[in-house]
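Below is one structure, written out as structure tokens, with a few remarks after it.
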Amino acid sequence: MNAFLKSNNIIKCVVIICLGLFIYGQTFHGDFVFDDLGFIVNNPLIQHFSRVSSIWHSFPLTRSIGFYSFAFNYYLNGLHPEGYHIFNFIIHLIATILVWLLVDLLMKITGWFPSQSSKVPKSKKVRKAASNTVDQLKAQAPFLVAIIFLVHPCQTQAISYITQRFESMATVFYLGAVYCYLRARVDEKQQQKIIFFGASILLTFLGILTKEVIMTVPLMIIAGEWILFPNKDNAKFYLGLGVGGVLLYGLLSHLLHSDISIFTQTIHSESHDGDILTPGRYLLTQMRVFLTFLRLLLIPIDQNMDYDYPASTGLLSPPLTLLGLTVMGLFVAAIIKLRQTKPLIAFGLAWMLITFSINLAPRSNVIFEHKLYLLSFGFILALTVFLFEGIVNRQILGLIFLAITVILSFLTYERNHVWQNAISLWSDTVEKSPFKSRPNCNLGFAYCQIGDYDKALPYLNKAIELNPKYTEAYSDRAIIEDHGGEPKEAMRDFDKAIDLNPDYAKAYVGRGALYSRQGLYTSAITDFSKAVELNPYDEGSLINLAICYAKQRNFDQALSVFDKVISLDPNNSNAYFNRGSVYAQEGKLEEALADSKKAVKLDPQNTDAYTNLGYIYAKENKLDEAINYLSQAIIFNPKLAVAYNNRAILYYQLKKYDESWQDVKQVEGLGYQVDAKFLVNLKKAIHDGR
């Protein structure tokens, strides 16, 4: 490590940071997308310190560290995505440095560095001139591997997609665990051995709390023993690693509350609409996935957030299935053949197979590009060594590495344009997977979020056409129908969504809001109560539930629910405002005033709270104060008709008829019905006054 901190290595670190910023800096302003919404934006457990402990019980334990990192980001950045993206970028830099350190260690263990080189030109004159070039370029090999790892486009999903820090963080722990084990293995000092072995165990444990990919660490280290130390007595290490692997599998099974049955389950595919994945079909499909991963590593174009990937039904259905199996077999043969003569290539190939093997556990999504993040290290290592071994002319080789770096950097920079926002991401995905329901639904929802319902509707209709059982698409379409003044159609789609998935909270919230606007408060209470049952920390559903109780004049129940919201989040401005409204209806003006002022203090632009304060002060006959608060509401929302209406009444009471008339005209211009009797009296007062 001390050698690593030499001045030339510090300069290289600066190069890594600057190059990384160039290709990933544009993503720092990217939005939350896809699972970011559920894991971060709408996840109350990460948004309040008092609930952070609940993460341990509410999500898979194998993702705990990732969720705690989201909570840390929320503490620092709230819901501003820049901080989350920067955090992901820092993780990528750490992984890149670990790649550099690990390759340097591997090359020292195998004696691969310049002094071992035998491939120099035969001409004595050329040999003498090229010798220094050979040594200098070969000495840079670990740094070159790190640079290619840094800039490869296949890393974008694990970095630019905030949620996939699960993958990049687990990779950091994985690389660190293997590095520490190998350091302990070759270190001559007993104390150092103990420290590095302990660090390897600790990093493996942290990895298992981050993502399941860490499960293959013992197998990877066994492969390392077999390939890197072929002439040593490794029996005790194999035994220890075997025991460690069994214990790690037991820990993983305990954390996931699962057993070997996960390998025998039949599941619905989310990678191709309508497919059923039996264990056999899933394994056959992974043979093709391995080929796709190889293609993406070699030629990283046509990347896709959500592949439309039909399952394989036999070795020749499609034929690429057999080809994938053959290629994996060739990898095994190459590892056996090369482990003595070219151990670094063998280790790289073994790394690819072993890190890919975790994908053999069946899951509904058969392919995602972020799974390449860890696997890519083995490919880049093997390719780099292969090029060094195969190309004698180091000047040409240097130009090749420069070209690879430039091309990959350009492709990564271009790919990161896609990650700017949900519309750019899902537009790209729909273009590449046009006949898959999920991208169409997600693009429709993205347009819904910005209020462009005309563009959203065709994509949601297409998603339902492709998959008539797509719950989310019905719920999102219902929102558009409700907004477009089609309550019957909206109710039909909310009902359909709930029929398809009785535990889909979002549909209950939408239907409850629809019932509430129709004055069907009992039905609305039933739906909001169900939403709260499904998500006890959903403050929005709780507030809507309390409002419905208040509409029924069940004030005690309403206040009880508002009290619960405030206990969950003492800084919820809307909860204070609404509770103040209930107090005001009960005639408890002192409590109403305190809550409304608290709402304004927490959110100085809460126009409803200002309107409420205007109402309360008017009740106390403090008309000037009431007008001031209503005027403040109008400043923040010049289209707030109720504030103009209430202020017009107060101006009338103060005999400021001209001001009252101006507010009345504003109310009418906003399409708000002015009380007829008040209007007659105002006109008469103005006429008499003049």
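Here, A, B, ... name the chains of the structure tokens in the order displayed, residue numbers run from 1 inside each chain, and ligands are numbered from 1 in the same displayed order.
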
- Item | Selection: 9 Å around Tyr583 of chain A, only C-alpha atoms, excl. self and same-chain fewer than 3 positions, as JSON, numbers by chain | {"A": [555, 559, 578, 579, 580, 586, 587, 588, 589, 590, 591, 592, 593, 595]}

- Distance criterion (only C-alpha atoms): nearest to Ile335 of chain A out of A:Leu206, A:Leu402, A:Ile354, A:Leu425: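 Of A:Leu206, A:Leu402, A:Ile354, A:Leu425, the one nearest Ile335 of chain A is A:Ile354, counting only C-alpha atoms.
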
- Query: Leaving out segment 302-314 of chain A and any residue of its chain fewer than 4 positions from it, which residues lie within 9 Å of it when counting only C-alpha atoms, given as a ChimeraX atom specification?
  - Reply: /A:153-154,157,269-273,275-277,280-289,296,318-319,321-322,366-369,415,425-426,428-430,432-436,438-439

Prev. selection, N, CA and C atoms, output as a CSV table (one decimal), in the first residue's frame:
```
chain,number,residue,atom,x,y,z
A,153,PRO,N,-18.7,0.9,-21.1
A,153,PRO,CA,-20.1,1.3,-21.1
A,153,PRO,C,-21.0,0.3,-20.3
A,154,CYS,N,-20.6,-1.0,-20.2
A,154,CYS,CA,-21.4,-1.9,-19.5
A,154,CYS,C,-21.5,-1.6,-18.0
A,157,GLN,N,-25.1,1.0,-16.0
A,157,GLN,CA,-26.4,0.7,-15.3
A,157,GLN,C,-26.1,0.5,-13.8
A,269,SER,N,-42.0,-15.0,-16.0
A,269,SER,CA,-40.9,-14.2,-16.5
A,269,SER,C,-41.3,-12.8,-16.6
A,270,GLU,N,-40.4,-11.9,-16.2
A,270,GLU,CA,-40.6,-10.4,-16.4
A,270,GLU,C,-39.7,-9.9,-17.5
A,271,SER,N,-39.0,-10.9,-18.2
A,271,SER,CA,-38.1,-10.5,-19.3
A,271,SER,C,-38.8,-10.7,-20.6
A,272,HIS,N,-39.9,-11.5,-20.7
A,272,HIS,CA,-40.7,-11.6,-21.9
A,272,HIS,C,-42.1,-12.0,-21.5
A,273,ASP,N,-43.1,-11.1,-21.9
A,273,ASP,CA,-44.5,-11.3,-21.5
A,273,ASP,C,-45.0,-12.7,-21.9
A,275,ASP,N,-44.1,-15.7,-20.7
A,275,ASP,CA,-43.2,-16.8,-20.5
A,275,ASP,C,-43.3,-17.3,-19.1
A,276,ILE,N,-43.3,-18.7,-19.0
A,276,ILE,CA,-43.2,-19.3,-17.7
A,276,ILE,C,-41.8,-19.9,-17.6
A,277,LEU,N,-41.1,-19.6,-16.5
A,277,LEU,CA,-39.7,-20.1,-16.3
A,277,LEU,C,-39.7,-21.3,-15.4
A,280,GLY,N,-35.5,-25.8,-15.7
A,280,GLY,CA,-34.7,-26.1,-16.9
A,280,GLY,C,-34.7,-25.0,-17.9
A,281,ARG,N,-35.8,-24.4,-18.1
A,281,ARG,CA,-35.8,-23.3,-19.1
A,281,ARG,C,-35.0,-22.1,-18.6
A,282,TYR,N,-35.0,-21.9,-17.4
A,282,TYR,CA,-34.2,-20.8,-16.8
A,282,TYR,C,-32.7,-21.0,-17.1
A,283,LEU,N,-32.2,-22.2,-16.7
A,283,LEU,CA,-30.8,-22.6,-16.9
A,283,LEU,C,-30.4,-22.5,-18.4
A,284,LEU,N,-31.3,-23.0,-19.3
A,284,LEU,CA,-31.0,-22.9,-20.7
A,284,LEU,C,-30.9,-21.5,-21.2
A,285,THR,N,-31.8,-20.7,-20.7
A,285,THR,CA,-31.8,-19.2,-21.1
A,285,THR,C,-30.5,-18.6,-20.6
A,286,GLN,N,-30.0,-18.9,-19.5
A,286,GLN,CA,-28.8,-18.3,-19.0
A,286,GLN,C,-27.6,-18.6,-19.9
A,287,MET,N,-27.7,-19.7,-20.6
A,287,MET,CA,-26.6,-20.0,-21.6
A,287,MET,C,-26.5,-18.9,-22.7
A,288,ARG,N,-27.7,-18.5,-23.1
A,288,ARG,CA,-27.7,-17.4,-24.1
A,288,ARG,C,-27.4,-16.0,-23.4
A,289,VAL,N,-27.8,-15.9,-22.2
A,289,VAL,CA,-27.4,-14.6,-21.5
A,289,VAL,C,-25.9,-14.5,-21.4
A,296,LEU,N,-21.7,-7.9,-25.2
A,296,LEU,CA,-21.7,-6.6,-24.7
A,296,LEU,C,-20.3,-6.1,-24.2
A,318,PRO,N,-33.7,-21.2,-28.9
A,318,PRO,CA,-33.0,-21.1,-30.2
A,318,PRO,C,-31.6,-21.8,-30.2
A,319,PRO,N,-31.0,-21.9,-31.3
A,319,PRO,CA,-29.7,-22.5,-31.4
A,319,PRO,C,-28.6,-21.9,-30.6
A,321,THR,N,-28.6,-21.2,-27.7
A,321,THR,CA,-28.6,-21.8,-26.4
A,321,THR,C,-27.4,-22.8,-26.4
A,322,LEU,N,-27.3,-23.7,-27.4
A,322,LEU,CA,-26.3,-24.7,-27.4
A,322,LEU,C,-24.9,-24.0,-27.6
A,366,VAL,N,-34.4,-12.4,-16.3
A,366,VAL,CA,-33.3,-13.3,-16.7
A,366,VAL,C,-32.0,-12.5,-17.0
A,367,ILE,N,-32.2,-11.2,-17.3
A,367,ILE,CA,-31.0,-10.5,-17.7
A,367,ILE,C,-31.1,-9.0,-17.3
A,368,PHE,N,-30.1,-8.5,-16.8
A,368,PHE,CA,-29.9,-7.1,-16.5
A,368,PHE,C,-28.4,-6.7,-16.7
A,369,GLU,N,-28.1,-5.6,-17.3
A,369,GLU,CA,-26.7,-5.2,-17.5
A,369,GLU,C,-25.9,-5.0,-16.3
A,415,ARG,N,-23.9,6.8,-23.8
A,415,ARG,CA,-24.9,6.0,-23.1
A,415,ARG,C,-25.5,6.7,-21.9
A,425,LEU,N,-34.8,7.6,-20.7
A,425,LEU,CA,-34.5,6.2,-20.4
A,425,LEU,C,-35.5,5.3,-21.0
A,426,TRP,N,-36.8,5.5,-20.8
A,426,TRP,CA,-37.8,4.6,-21.3
A,426,TRP,C,-38.1,4.8,-22.7
A,428,ASP,N,-35.7,5.2,-24.9
A,428,ASP,CA,-34.7,4.4,-25.5
A,428,ASP,C,-35.1,2.9,-25.4
A,429,THR,N,-35.6,2.6,-24.2
A,429,THR,CA,-35.9,1.2,-24.0
A,429,THR,C,-37.1,0.7,-24.8
A,430,VAL,N,-38.1,1.5,-25.0
A,430,VAL,CA,-39.3,1.2,-25.8
A,430,VAL,C,-38.8,1.0,-27.3
A,432,LYS,N,-36.1,-0.2,-28.3
A,432,LYS,CA,-35.3,-1.4,-28.4
A,432,LYS,C,-36.2,-2.6,-28.0
A,433,SER,N,-37.2,-2.4,-27.2
A,433,SER,CA,-38.1,-3.5,-26.7
A,433,SER,C,-39.5,-3.0,-27.0
A,434,PRO,N,-39.9,-2.8,-28.2
A,434,PRO,CA,-41.3,-2.2,-28.5
A,434,PRO,C,-42.4,-3.1,-28.1
A,435,PHE,N,-42.2,-4.4,-28.1
A,435,PHE,CA,-43.3,-5.3,-27.8
A,435,PHE,C,-43.3,-5.9,-26.4
A,436,LYS,N,-42.7,-5.1,-25.5
A,436,LYS,CA,-42.7,-5.6,-24.1
A,436,LYS,C,-43.5,-4.6,-23.3
A,438,ARG,N,-43.6,-3.8,-20.0
A,438,ARG,CA,-43.0,-3.0,-18.9
A,438,ARG,C,-42.4,-1.6,-19.4
A,439,PRO,N,-41.6,-1.6,-20.4
A,439,PRO,CA,-41.1,-0.3,-20.9
A,439,PRO,C,-42.2,0.6,-21.3
```

- In Å, how far is it from atom CA of Ser427 of chain A to atom CA of Asn365 of chain A?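 Separating atom CA of Ser427 of chain A from atom CA of Asn365 of chain A is a distance of 20.1 Å.
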
- Query: Which is closest to Phe494 of chain A among A:Leu202, A:Asp527, A:Thr522, A:Thr264, if we use only C-alpha atoms?
  - Reply: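 The answer is A:Asp527, which sits nearest to Phe494 of chain A.
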
- Task: Within 10 Å of Ile407 of chain A, counting only C-alpha atoms, which residues show up once you throw out same-chain ones fewer than 6 positions away? Write them as a PyMOL selection string, please.
- Result: chain A and resi 151-153+401+413

Sorted by chain and rising residue number, which residues of segment 393-494 of chain A lie within 10 Å of segment 31-42 of chain A, and what are their closest atom pairs and distances in Å to one decimal, counting only C-alpha atoms, as CSV?
```
residue,atom,partner,partner_atom,distance
A:Trp419,CA,A:Asp31,CA,7.8
A:Gln420,CA,A:Asp31,CA,6.2
A:Asn421,CA,A:Asp31,CA,4.9
A:Ala422,CA,A:Val33,CA,5.4
A:Ile423,CA,A:Val33,CA,9.2
A:Leu425,CA,A:Val33,CA,8.3
A:Trp426,CA,A:Phe34,CA,9.4
A:Asn442,CA,A:Phe34,CA,7.7
A:Ala446,CA,A:Val33,CA,8.9
```

Restricting the output to N, CA and C atoms, write the selected residues as a PDB file, in the first residue's frame.
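As a result, out_35.pdb now contains:
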```pdb
ATOM      1  N   TRP A 419     -29.593   8.244 -19.279  1.00  0.00           N
ATOM      2  CA  TRP A 419     -29.929   8.224 -17.855  1.00  0.00           C
ATOM      3  C   TRP A 419     -30.278   9.601 -17.292  1.00  0.00           C
ATOM      4  N   GLN A 420     -30.531  10.591 -18.148  1.00  0.00           N
ATOM      5  CA  GLN A 420     -30.834  11.937 -17.663  1.00  0.00           C
ATOM      6  C   GLN A 420     -32.172  11.999 -16.942  1.00  0.00           C
ATOM      7  N   ASN A 421     -33.164  11.293 -17.450  1.00  0.00           N
ATOM      8  CA  ASN A 421     -34.485  11.314 -16.819  1.00  0.00           C
ATOM      9  C   ASN A 421     -35.276  10.085 -17.261  1.00  0.00           C
ATOM     10  N   ALA A 422     -36.444   9.909 -16.674  1.00  0.00           N
ATOM     11  CA  ALA A 422     -37.239   8.709 -16.949  1.00  0.00           C
ATOM     12  C   ALA A 422     -37.703   8.660 -18.398  1.00  0.00           C
ATOM     13  N   ILE A 423     -38.013   9.809 -18.988  1.00  0.00           N
ATOM     14  CA  ILE A 423     -38.510   9.816 -20.367  1.00  0.00           C
ATOM     15  C   ILE A 423     -37.406   9.413 -21.342  1.00  0.00           C
ATOM     16  N   LEU A 425     -34.793   7.601 -20.651  1.00  0.00           N
ATOM     17  CA  LEU A 425     -34.468   6.197 -20.401  1.00  0.00           C
ATOM     18  C   LEU A 425     -35.479   5.268 -21.047  1.00  0.00           C
ATOM     19  N   TRP A 426     -36.772   5.527 -20.775  1.00  0.00           N
ATOM     20  CA  TRP A 426     -37.786   4.583 -21.252  1.00  0.00           C
ATOM     21  C   TRP A 426     -38.104   4.774 -22.732  1.00  0.00           C
ATOM     22  N   ASN A 442     -43.819   2.002 -18.230  1.00  0.00           N
ATOM     23  CA  ASN A 442     -42.954   2.939 -17.526  1.00  0.00           C
ATOM     24  C   ASN A 442     -42.813   4.259 -18.272  1.00  0.00           C
ATOM     25  N   ALA A 446     -43.964   7.842 -16.898  1.00  0.00           N
ATOM     26  CA  ALA A 446     -43.042   8.978 -16.910  1.00  0.00           C
ATOM     27  C   ALA A 446     -43.722  10.221 -17.475  1.00  0.00           C
TER      28      ALA A 446
END
```
